[in-house]
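File shown: final.pdb. Contents: PDB, C-alpha atoms and all ligand atoms.
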ATOM      1  CA  MET A   1      28.620 129.089 100.720
ATOM      2  CA  ASP A   2      26.430 130.730  98.103
ATOM      3  CA  GLY A   3      28.673 132.540  95.608
ATOM      4  CA  LEU A   4      26.794 135.811  96.148
ATOM      5  CA  GLN A   5      27.711 135.823  99.829
ATOM      6  CA  ARG A   6      31.335 136.024  98.748
ATOM      7  CA  CYS A   7      30.605 139.268  96.854
ATOM      8  CA  PHE A   8      31.561 142.094  99.186
ATOM      9  CA  ASP A   9      29.341 144.566  97.322
ATOM     10  CA  GLN A  10      26.267 142.400  97.872
ATOM     11  CA  LEU A  11      26.538 142.609 101.643
ATOM     12  CA  ALA A  12      24.547 145.169 103.628
ATOM     13  CA  TRP A  13      26.719 147.542 105.641
ATOM     14  CA  PRO A  14      26.402 145.759 109.004
ATOM     15  CA  GLN A  15      27.504 142.503 107.305
ATOM     16  CA  ALA A  16      30.330 144.310 105.504
ATOM     17  CA  ASP A  17      31.446 145.787 108.812
ATOM     18  CA  GLN A  18      31.399 142.338 110.425
ATOM     19  CA  ALA A  19      33.218 140.781 107.456
ATOM     20  CA  ALA A  20      36.017 143.356 107.368
ATOM     21  CA  LYS A  21      36.624 142.992 111.108
ATOM     22  CA  GLN A  22      36.963 139.203 111.097
ATOM     23  CA  PRO A  23      40.483 138.032 111.974
ATOM     24  CA  GLY A  24      42.416 137.634 108.717
ATOM     25  CA  ALA A  25      39.679 139.282 106.611
ATOM     26  CA  THR A  26      40.798 138.957 102.993
ATOM     27  CA  LEU A  27      39.460 140.835  99.966
ATOM     28  CA  VAL A  28      40.238 139.775  96.406
ATOM     29  CA  TRP A  29      40.057 142.445  93.710
ATOM     30  CA  PRO A  30      40.087 140.958  90.201
ATOM     31  CA  PHE A  31      41.815 143.058  87.514
ATOM     32  CA  GLY A  32      41.276 142.737  83.776
ATOM     33  CA  ALA A  33      41.500 145.076  80.825
ATOM     34  CA  CYS A  34      39.459 146.355  77.886
ATOM     35  CA  GLU A  35      41.939 145.843  75.073
ATOM     36  CA  GLN A  36      42.326 144.254  71.669
ATOM     37  CA  HIS A  37      42.850 140.491  71.770
ATOM     38  CA  GLY A  38      43.330 139.833  68.064
ATOM     39  CA  PRO A  39      40.532 139.596  65.500
ATOM     40  CA  HIS A  40      38.954 136.600  67.262
ATOM     41  CA  LEU A  41      38.776 137.287  71.040
ATOM     42  CA  PRO A  42      36.717 139.907  72.927
ATOM     43  CA  LEU A  43      38.159 143.081  74.408
ATOM     44  CA  ALA A  44      37.140 141.814  77.858
ATOM     45  CA  THR A  45      39.218 138.608  77.616
ATOM     46  CA  ASP A  46      41.414 139.301  80.646
ATOM     47  CA  ALA A  47      38.502 140.653  82.721
ATOM     48  CA  LEU A  48      36.433 137.557  81.950
ATOM     49  CA  PHE A  49      39.294 135.223  82.908
ATOM     50  CA  ALA A  50      39.957 136.988  86.230
ATOM     51  CA  ASP A  51      36.250 136.980  87.074
ATOM     52  CA  ARG A  52      35.468 133.375  86.128
ATOM     53  CA  ILE A  53      38.603 131.758  87.539
ATOM     54  CA  LEU A  54      38.154 133.593  90.828
ATOM     55  CA  ASN A  55      34.519 132.469  91.144
ATOM     56  CA  SER A  56      35.559 128.860  90.524
ATOM     57  CA  VAL A  57      38.360 129.106  93.081
ATOM     58  CA  PHE A  58      35.881 130.419  95.664
ATOM     59  CA  GLU A  59      33.691 127.347  95.148
ATOM     60  CA  HIS A  60      36.605 125.266  96.454
ATOM     61  CA  LEU A  61      37.103 127.281  99.637
ATOM     62  CA  ASP A  62      35.517 126.374 102.953
ATOM     63  CA  ALA A  63      32.458 128.521 103.738
ATOM     64  CA  ALA A  64      33.894 129.572 107.093
ATOM     65  CA  LEU A  65      36.972 131.223 105.576
ATOM     66  CA  PRO A  66      36.959 135.044 105.821
ATOM     67  CA  ILE A  67      37.355 135.856 102.123
ATOM     68  CA  TRP A  68      35.253 138.029  99.811
ATOM     69  CA  ARG A  69      35.638 139.514  96.359
ATOM     70  CA  LEU A  70      35.173 142.922  94.790
ATOM     71  CA  PRO A  71      33.689 143.516  91.318
ATOM     72  CA  VAL A  72      36.199 143.079  88.511
ATOM     73  CA  GLN A  73      38.173 146.180  87.498
ATOM     74  CA  SER A  74      37.470 145.797  83.806
ATOM     75  CA  ILE A  75      39.454 148.748  82.420
ATOM     76  CA  GLY A  76      43.167 148.682  83.153
ATOM     77  CA  PHE A  77      46.536 149.919  81.934
ATOM     78  CA  SER A  78      46.922 148.903  78.279
ATOM     79  CA  PRO A  79      49.068 151.474  76.429
ATOM     80  CA  GLU A  80      50.839 148.751  74.422
ATOM     81  CA  HIS A  81      47.583 147.942  72.600
ATOM     82  CA  GLN A  82      46.221 151.464  72.285
ATOM     83  CA  PRO A  83      46.444 152.033  68.523
ATOM     84  CA  PHE A  84      44.072 149.081  68.048
ATOM     85  CA  PRO A  85      40.377 150.121  68.019
ATOM     86  CA  GLY A  86      38.392 149.153  71.095
ATOM     87  CA  THR A  87      41.306 149.422  73.510
ATOM     88  CA  LEU A  88      40.591 151.641  76.523
ATOM     89  CA  SER A  89      43.392 152.419  78.940
ATOM     90  CA  LEU A  90      43.705 154.319  82.181
ATOM     91  CA  SER A  91      46.927 156.205  82.865
ATOM     92  CA  ALA A  92      49.525 154.720  85.209
ATOM     93  CA  GLU A  93      48.897 157.619  87.602
ATOM     94  CA  LEU A  94      45.158 156.919  87.697
ATOM     95  CA  MET A  95      45.739 153.194  88.306
ATOM     96  CA  LEU A  96      48.086 153.996  91.200
ATOM     97  CA  GLN A  97      45.468 156.335  92.674
ATOM     98  CA  LEU A  98      42.697 153.787  92.172
ATOM     99  CA  VAL A  99      44.519 151.082  94.113
ATOM    100  CA  ASP A 100      45.625 153.576  96.760
ATOM    101  CA  GLN A 101      42.151 155.039  97.347
ATOM    102  CA  VAL A 102      40.135 151.811  97.352
ATOM    103  CA  GLY A 103      42.857 149.956  99.237
ATOM    104  CA  GLY A 104      43.143 152.695 101.864
ATOM    105  CA  GLN A 105      39.403 152.552 102.534
ATOM    106  CA  LEU A 106      39.487 148.761 102.871
ATOM    107  CA  ALA A 107      42.356 149.002 105.356
ATOM    108  CA  SER A 108      40.401 151.567 107.417
ATOM    109  CA  MET A 109      37.462 149.144 107.579
ATOM    110  CA  GLY A 110      39.785 146.582 109.143
ATOM    111  CA  VAL A 111      40.566 144.363 106.134
ATOM    112  CA  LYS A 112      43.835 142.511 106.763
ATOM    113  CA  ARG A 113      44.745 141.388 103.241
ATOM    114  CA  LEU A 114      44.057 142.646  99.757
ATOM    115  CA  VAL A 115      44.863 140.372  96.814
ATOM    116  CA  LEU A 116      45.109 142.051  93.392
ATOM    117  CA  PHE A 117      44.052 139.103  91.200
ATOM    118  CA  ASN A 118      45.297 140.283  87.836
ATOM    119  CA  ALA A 119      44.847 138.637  84.434
ATOM    120  CA  HIS A 120      46.490 141.322  82.240
ATOM    121  CA  GLY A 121      50.225 140.874  81.695
ATOM    122  CA  GLY A 122      50.752 144.527  80.752
ATOM    123  CA  GLN A 123      49.967 145.771  84.254
ATOM    124  CA  ILE A 124      51.959 143.324  86.390
ATOM    125  CA  GLY A 125      54.726 145.837  87.157
ATOM    126  CA  LEU A 126      52.328 148.712  87.765
ATOM    127  CA  LEU A 127      50.198 146.744  90.236
ATOM    128  CA  GLN A 128      53.357 145.680  92.065
ATOM    129  CA  VAL A 129      54.292 149.348  92.466
ATOM    130  CA  ALA A 130      50.735 150.203  93.578
ATOM    131  CA  ALA A 131      50.828 147.351  96.097
ATOM    132  CA  ARG A 132      54.165 148.431  97.604
ATOM    133  CA  GLN A 133      53.038 152.028  97.995
ATOM    134  CA  LEU A 134      49.725 150.984  99.553
ATOM    135  CA  ARG A 135      51.444 148.596 101.956
ATOM    136  CA  LEU A 136      53.763 151.328 103.154
ATOM    137  CA  ARG A 137      50.847 153.731 103.702
ATOM    138  CA  CYS A 138      48.592 151.079 105.323
ATOM    139  CA  PRO A 139      51.025 148.692 107.066
ATOM    140  CA  SER A 140      48.260 146.780 108.876
ATOM    141  CA  MET A 141      46.999 145.370 105.552
ATOM    142  CA  ALA A 142      48.984 142.956 103.382
ATOM    143  CA  VAL A 143      48.768 143.636  99.640
ATOM    144  CA  LEU A 144      49.459 140.747  97.271
ATOM    145  CA  PRO A 145      49.687 141.627  93.560
ATOM    146  CA  CYS A 146      49.512 138.373  91.596
ATOM    147  CA  PHE A 147      49.244 137.500  87.912
ATOM    148  CA  ILE A 148      46.969 134.539  87.309
ATOM    149  CA  TRP A 149      49.239 132.898  84.699
ATOM    150  CA  SER A 150      52.472 133.248  86.719
ATOM    151  CA  GLY A 151      54.001 130.286  88.523
ATOM    152  CA  VAL A 152      51.093 127.954  87.716
ATOM    153  CA  ASP A 153      52.165 124.329  88.147
ATOM    154  CA  GLY A 154      51.577 122.195  85.099
ATOM    155  CA  LEU A 155      51.562 124.940  82.435
ATOM    156  CA  GLN A 156      54.915 123.655  81.121
ATOM    157  CA  SER A 157      53.391 120.288  80.340
ATOM    158  CA  LEU A 158      50.293 121.777  78.698
ATOM    159  CA  LEU A 159      51.879 124.362  76.385
ATOM    160  CA  PRO A 160      54.749 123.938  73.878
ATOM    161  CA  PRO A 161      58.004 125.810  74.725
ATOM    162  CA  ALA A 162      57.515 128.351  71.903
ATOM    163  CA  GLU A 163      54.089 129.365  73.244
ATOM    164  CA  LEU A 164      55.384 129.489  76.814
ATOM    165  CA  ALA A 165      58.187 131.817  75.678
ATOM    166  CA  HIS A 166      56.488 133.942  73.007
ATOM    167  CA  GLY A 167      52.733 133.336  73.259
ATOM    168  CA  LEU A 168      52.126 136.538  75.149
ATOM    169  CA  HIS A 169      48.755 137.643  73.876
ATOM    170  CA  ALA A 170      45.657 136.035  72.338
ATOM    171  CA  GLY A 171      47.696 132.963  71.365
ATOM    172  CA  GLN A 172      47.189 129.289  72.121
ATOM    173  CA  ALA A 173      46.539 129.601  75.856
ATOM    174  CA  GLU A 174      44.091 132.516  75.879
ATOM    175  CA  THR A 175      42.225 131.319  72.794
ATOM    176  CA  SER A 176      41.866 127.804  74.261
ATOM    177  CA  LEU A 177      40.643 129.082  77.619
ATOM    178  CA  MET A 178      38.076 131.333  75.962
ATOM    179  CA  LEU A 179      36.906 128.479  73.688
ATOM    180  CA  HIS A 180      36.235 126.526  76.871
ATOM    181  CA  LEU A 181      34.725 129.305  79.029
ATOM    182  CA  ALA A 182      32.761 131.373  76.498
ATOM    183  CA  PRO A 183      32.874 129.800  73.017
ATOM    184  CA  LYS A 184      30.235 132.157  71.626
ATOM    185  CA  LEU A 185      32.654 135.059  72.124
ATOM    186  CA  VAL A 186      35.374 133.482  69.946
ATOM    187  CA  GLY A 187      35.487 134.410  66.244
ATOM    188  CA  PRO A 188      36.544 132.028  63.460
ATOM    189  CA  SER A 189      40.033 133.347  62.600
ATOM    190  CA  ARG A 190      43.111 131.764  64.238
ATOM    191  CA  PRO A 191      46.096 134.018  63.525
ATOM    192  CA  VAL A 192      49.722 133.221  64.206
ATOM    193  CA  ASP A 193      51.719 136.407  64.661
ATOM    194  CA  GLY A 194      54.464 138.066  66.684
ATOM    195  CA  ALA A 195      57.842 136.541  67.446
ATOM    196  CA  HIS A 196      57.089 133.231  65.702
ATOM    197  CA  GLY A 197      54.713 134.599  63.134
ATOM    198  CA  SER A 198      55.224 135.637  59.531
ATOM    199  CA  GLY A 199      58.860 136.666  59.966
ATOM    200  CA  SER A 200      58.132 140.236  58.843
ATOM    201  CA  ILE A 201      58.267 141.425  62.429
ATOM    202  CA  HIS A 202      61.339 142.757  64.219
ATOM    203  CA  ALA A 203      62.787 140.498  66.906
ATOM    204  CA  PRO A 204      64.505 142.017  69.967
ATOM    205  CA  PRO A 205      68.326 142.469  69.691
ATOM    206  CA  ASP A 206      70.504 139.489  70.563
ATOM    207  CA  GLY A 207      70.488 138.859  74.319
ATOM    208  CA  TRP A 208      67.346 140.932  74.846
ATOM    209  CA  SER A 209      63.841 139.532  75.086
ATOM    210  CA  LEU A 210      60.175 140.537  75.024
ATOM    211  CA  GLU A 211      59.752 139.745  78.735
ATOM    212  CA  GLY A 212      62.047 138.167  81.325
ATOM    213  CA  ALA A 213      65.620 139.074  82.191
ATOM    214  CA  ALA A 214      66.319 141.823  79.628
ATOM    215  CA  PRO A 215      62.922 143.046  78.444
ATOM    216  CA  CYS A 216      62.290 145.727  75.821
ATOM    217  CA  ALA A 217      58.920 147.385  76.695
ATOM    218  CA  TRP A 218      57.422 146.333  73.366
ATOM    219  CA  LEU A 219      54.333 147.781  71.756
ATOM    220  CA  THR A 220      52.029 145.327  70.017
ATOM    221  CA  SER A 221      52.578 147.168  66.741
ATOM    222  CA  ASP A 222      56.336 146.331  66.983
ATOM    223  CA  LEU A 223      55.496 142.645  66.823
ATOM    224  CA  SER A 224      52.146 141.964  65.239
ATOM    225  CA  GLU A 225      49.757 143.158  62.558
ATOM    226  CA  THR A 226      46.773 141.171  63.812
ATOM    227  CA  GLY A 227      47.172 141.989  67.519
ATOM    228  CA  VAL A 228      48.013 138.354  68.287
ATOM    229  CA  ILE A 229      51.408 137.568  69.800
ATOM    230  CA  GLY A 230      51.515 133.798  69.684
ATOM    231  CA  ASP A 231      49.915 130.951  67.760
ATOM    232  CA  ALA A 232      46.129 130.829  67.997
ATOM    233  CA  ARG A 233      46.011 127.983  65.427
ATOM    234  CA  LEU A 234      46.974 125.529  68.190
ATOM    235  CA  ALA A 235      43.981 126.354  70.396
ATOM    236  CA  THR A 236      41.516 123.633  71.410
ATOM    237  CA  ILE A 237      38.572 123.393  73.812
ATOM    238  CA  GLU A 238      40.242 120.428  75.540
ATOM    239  CA  LEU A 239      43.349 122.458  76.258
ATOM    240  CA  GLY A 240      41.125 125.264  77.558
ATOM    241  CA  SER A 241      39.544 122.875  80.029
ATOM    242  CA  GLN A 242      42.962 121.637  81.200
ATOM    243  CA  LEU A 243      44.224 125.209  81.595
ATOM    244  CA  GLU A 244      41.151 126.131  83.616
ATOM    245  CA  GLN A 245      41.724 123.176  85.948
ATOM    246  CA  ALA A 246      45.407 124.070  86.374
ATOM    247  CA  LEU A 247      44.541 127.701  87.198
ATOM    248  CA  ILE A 248      41.744 126.780  89.633
ATOM    249  CA  SER A 249      43.812 124.193  91.458
ATOM    250  CA  HIS A 250      46.880 126.473  91.674
ATOM    251  CA  TRP A 251      44.977 129.495  93.011
ATOM    252  CA  THR A 252      42.821 127.432  95.369
ATOM    253  CA  GLN A 253      46.027 126.201  97.029
ATOM    254  CA  ARG A 254      47.506 129.708  97.147
ATOM    255  CA  PHE A 255      44.385 131.192  98.773
ATOM    256  CA  LYS A 256      44.167 128.330 101.288
ATOM    257  CA  SER A 257      47.772 128.851 102.299
ATOM    258  CA  LEU A 258      47.272 132.622 102.600
ATOM    259  CA  LEU A 259      44.155 132.186 104.736
ATOM    260  CA  CYS A 260      45.921 129.712 107.035
ATOM    261  CA  SER A 261      48.889 132.030 107.502
ATOM    262  CA  ASP A 262      49.482 134.914 109.875
ATOM    263  CA  TRP A 263      50.670 137.177 107.038
ATOM    264  CA  PRO A 264      51.226 140.127 107.287
ATOM    265  CA  PRO A 265      53.639 140.135 110.234
ATOM    266  CA  THR A 266      52.176 142.268 112.997
ATOM    267  CA  LYS A 267      55.509 143.951 113.597
ATOM    268  CA  SER A 268      55.854 146.207 110.615
ATOM    269  CA  VAL A 269      57.165 149.523 109.433
ATOM    270  CA  VAL A 270      55.368 151.212 112.345
ATOM    271  CA  ASP A 271      57.893 149.504 114.687
ATOM    272  CA  TRP A 272      60.906 150.316 112.556
ATOM    273  CA  PRO A 273      63.448 151.763 112.938
ATOM    274  CA  ARG A 274      63.679 150.793 116.595
ATOM    275  CA  LYS A 275      63.991 153.693 118.930
ATOM    276  CA  SER A 276      66.415 153.068 121.791
TER
HETATM  277 ZN    ZN B   1      44.939 138.723  77.603
END
Output the file's structure in the form of structure tokens.
Amino acid sequence: MDGLQRCFDQLAWPQADQAAKQPGATLVWPFGACEQHGPHLPLATDALFADRILNSVFEHLDAALPIWRLPVQSIGFSPEHQPFPGTLSLSAELMLQLVDQVGGQLASMGVKRLVLFNAHGGQIGLLQVAARQLRLRCPSMAVLPCFIWSGVDGLQSLLPPAELAHGLHAGQAETSLMLHLAPKLVGPSRPVDGAHGSGSIHAPPDGWSLEGAAPCAWLTSDLSETGVIGDARLATIELGSQLEQALISHWTQRFKSLLCSDWPPTKSVVDWPRKS
């Protein structure tokens, strides 16, 4: 299928109506951010990743599958980066309303599944909340809030343990992927900063962590002077190509399995609690 035919906003209304009413109609809404990504990567890094990876995944899906995409949401929830120039952030309340309003309209059209295809780590929790609230209000439509770097098979073998644990932002992985996807947007500096940077930065208290089991809601300025949290020195174009392949193959499989499934269950909150 021509990539444009997968763009929901390029359909005329009769086609959109037909698309949304297909059994299992699935819409993917890519989410990025407009936020500092160190002195070497563009503000739109996450938006570009969500957009490009999704387009590549769609090329691997059978033309008959009922799946379309929305335009990328290129401004997100980025308070942790806000003191850095260039960062634009919507409030949590506005993000919740955005997902609720657009999602509610999609559900009314007949769409059965909405995937929030998110590439910005700072809004994972918020989009999960938005998804739960939307699902409860529109039980006929499944809402799947995913983070493109989470659970991807093969990342452990591509990135060193320190980058997997602490390379949260504009480090080896993001710099490599951008070198591969849009090298002209990558500047010459390659900072190393944050938890394994210069040592001048505060580490979380013993037993606590940046993310994971006991997280500490860090601000970038707690950890980094450059805006990088990770080691951009390790970035290479080759690694970027391998990361792109891992992401495409992982998400192609996930979308295939979703499209083959009967999720969401037809019995839902509308049938519960049972009235005797
Ligand atoms: Zn990023």
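Using all atoms listed in the file, the smallest distance between any of A:Ser91, A:Gln73, A:Thr175, A:Gln82 and ligand ZN 1 (chain B) comes from A:Thr175.
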Considering all atoms listed in the file, give me a table of residues in chain A that are at most 8 Å from ligand ZN 1 (chain B), with the closest atom pair and distance in Å for each, as a tab-separated table.
residue	atom	partner	partner_atom	distance
A:Ala33	CA	B:ZN1	ZN	7.9
A:His37	CA	B:ZN1	ZN	6.4
A:Thr45	CA	B:ZN1	ZN	5.7
A:Asp46	CA	B:ZN1	ZN	4.7
A:Ala119	CA	B:ZN1	ZN	6.8
A:His120	CA	B:ZN1	ZN	5.5
A:Gly121	CA	B:ZN1	ZN	7.0
A:Leu168	CA	B:ZN1	ZN	7.9
A:His169	CA	B:ZN1	ZN	5.4
A:Ala170	CA	B:ZN1	ZN	6.0
A:Glu174	CA	B:ZN1	ZN	6.5
Any idea what the distance is between atom CA of Val99 of chain A and atom CA of Ser78 of chain A? 16.2 Å
Report as a count of residues only the residues that result from applying the PyMOL selection byres (((chain A and resi 226) around 9) and not hetatm) to the structure here. 13
When the PyMOL selection byres (((chain A and resi 205-219) around 10) and not hetatm) is applied to the structure above, which residues does it catch, written out as a PyMOL selection string? chain A and resi 78-83+122+165-166+168+195+202-204+220-224
Contacts of segment 114-164 of chain A with segment 255-262 of chain A up to 12 Å, shortest pair per row, only C-alpha atoms, as JSON lines:
{"residue": "A:Leu114", "atom": "CA", "partner": "A:Leu258", "partner_atom": "CA", "distance": 10.9}
{"residue": "A:Val115", "atom": "CA", "partner": "A:Phe255", "partner_atom": "CA", "distance": 9.4}
{"residue": "A:Phe117", "atom": "CA", "partner": "A:Phe255", "partner_atom": "CA", "distance": 11.0}
{"residue": "A:Ser140", "atom": "CA", "partner": "A:Asp262", "partner_atom": "CA", "distance": 12.0}
{"residue": "A:Met141", "atom": "CA", "partner": "A:Asp262", "partner_atom": "CA", "distance": 11.6}
{"residue": "A:Ala142", "atom": "CA", "partner": "A:Asp262", "partner_atom": "CA", "distance": 10.3}
{"residue": "A:Val143", "atom": "CA", "partner": "A:Leu258", "partner_atom": "CA", "distance": 11.5}
{"residue": "A:Leu144", "atom": "CA", "partner": "A:Leu258", "partner_atom": "CA", "distance": 10.0}
{"residue": "A:Cys146", "atom": "CA", "partner": "A:Phe255", "partner_atom": "CA", "distance": 11.4}
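One finds atom CA of Leu106 of chain A at 17.8 Å from atom CA of Gln5 of chain A.
The space separating atom CA of Glu238 of chain A from atom CA of Leu158 of chain A comes to 10.6 Å.
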Please expand the PyMOL selection byres (((chain A and resi 176) around 10) and not hetatm) into the concrete residues it hits in this file, giving the result as a ChimeraX atom specification. /A:170-175,177-181,183,186,232-244
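Compared by their closest atoms to Leu48 of chain A, and using all atoms listed in the file, the residues A:Leu127, A:Leu116, A:Cys34, A:Ala20 rank with A:Cys34 nearest.
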Which polymer residues have any atom within 8 Å of an atom of Cys7 of chain A, counting only C-alpha atoms, with same-chain residues fewer than 5 positions away left out, as a list in words? Trp68, Arg69, Leu70 and Pro71 of chain A
Go ahead and save the residues from that selection, with C-alpha atoms, as a tab-separated table (two decimals), in the frame of the given file.
chain	number	residue	atom	x	y	z
A	68	TRP	CA	35.25	138.03	99.81
A	69	ARG	CA	35.64	139.51	96.36
A	70	LEU	CA	35.17	142.92	94.79
A	71	PRO	CA	33.69	143.52	91.32
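Of the residues under consideration (A:Ala19, A:Arg113, A:Ala92, A:Leu164), A:Arg113 shows the shortest atom-to-atom contact distance to Pro265 of chain A when counting all atoms listed in the file.
The neighbours of Gly104 of chain A here are the residues that come within 9 Å of it, using only C-alpha atoms and leaving out any residue fewer than 6 positions away in the same chain; they are Leu134, Arg137 and Cys138 of chain A.
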Tell me which of A:Gly110, A:Gly167, A:Gly76, A:Pro42 sits closest to Ala16 of chain A, counting all atoms listed in the file. A:Gly110
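Restricting the calculation to only C-alpha atoms, the smallest distance between Gly154 of chain A and any of A:Arg190, A:His250, A:Arg132, A:Lys184 is found for A:His250.
Distances here use all atoms listed in the file; by that measure, the residue among A:Asn55, A:Ala131, A:Ala44, A:Ser74 closest to Gln97 of chain A is A:Ala131.
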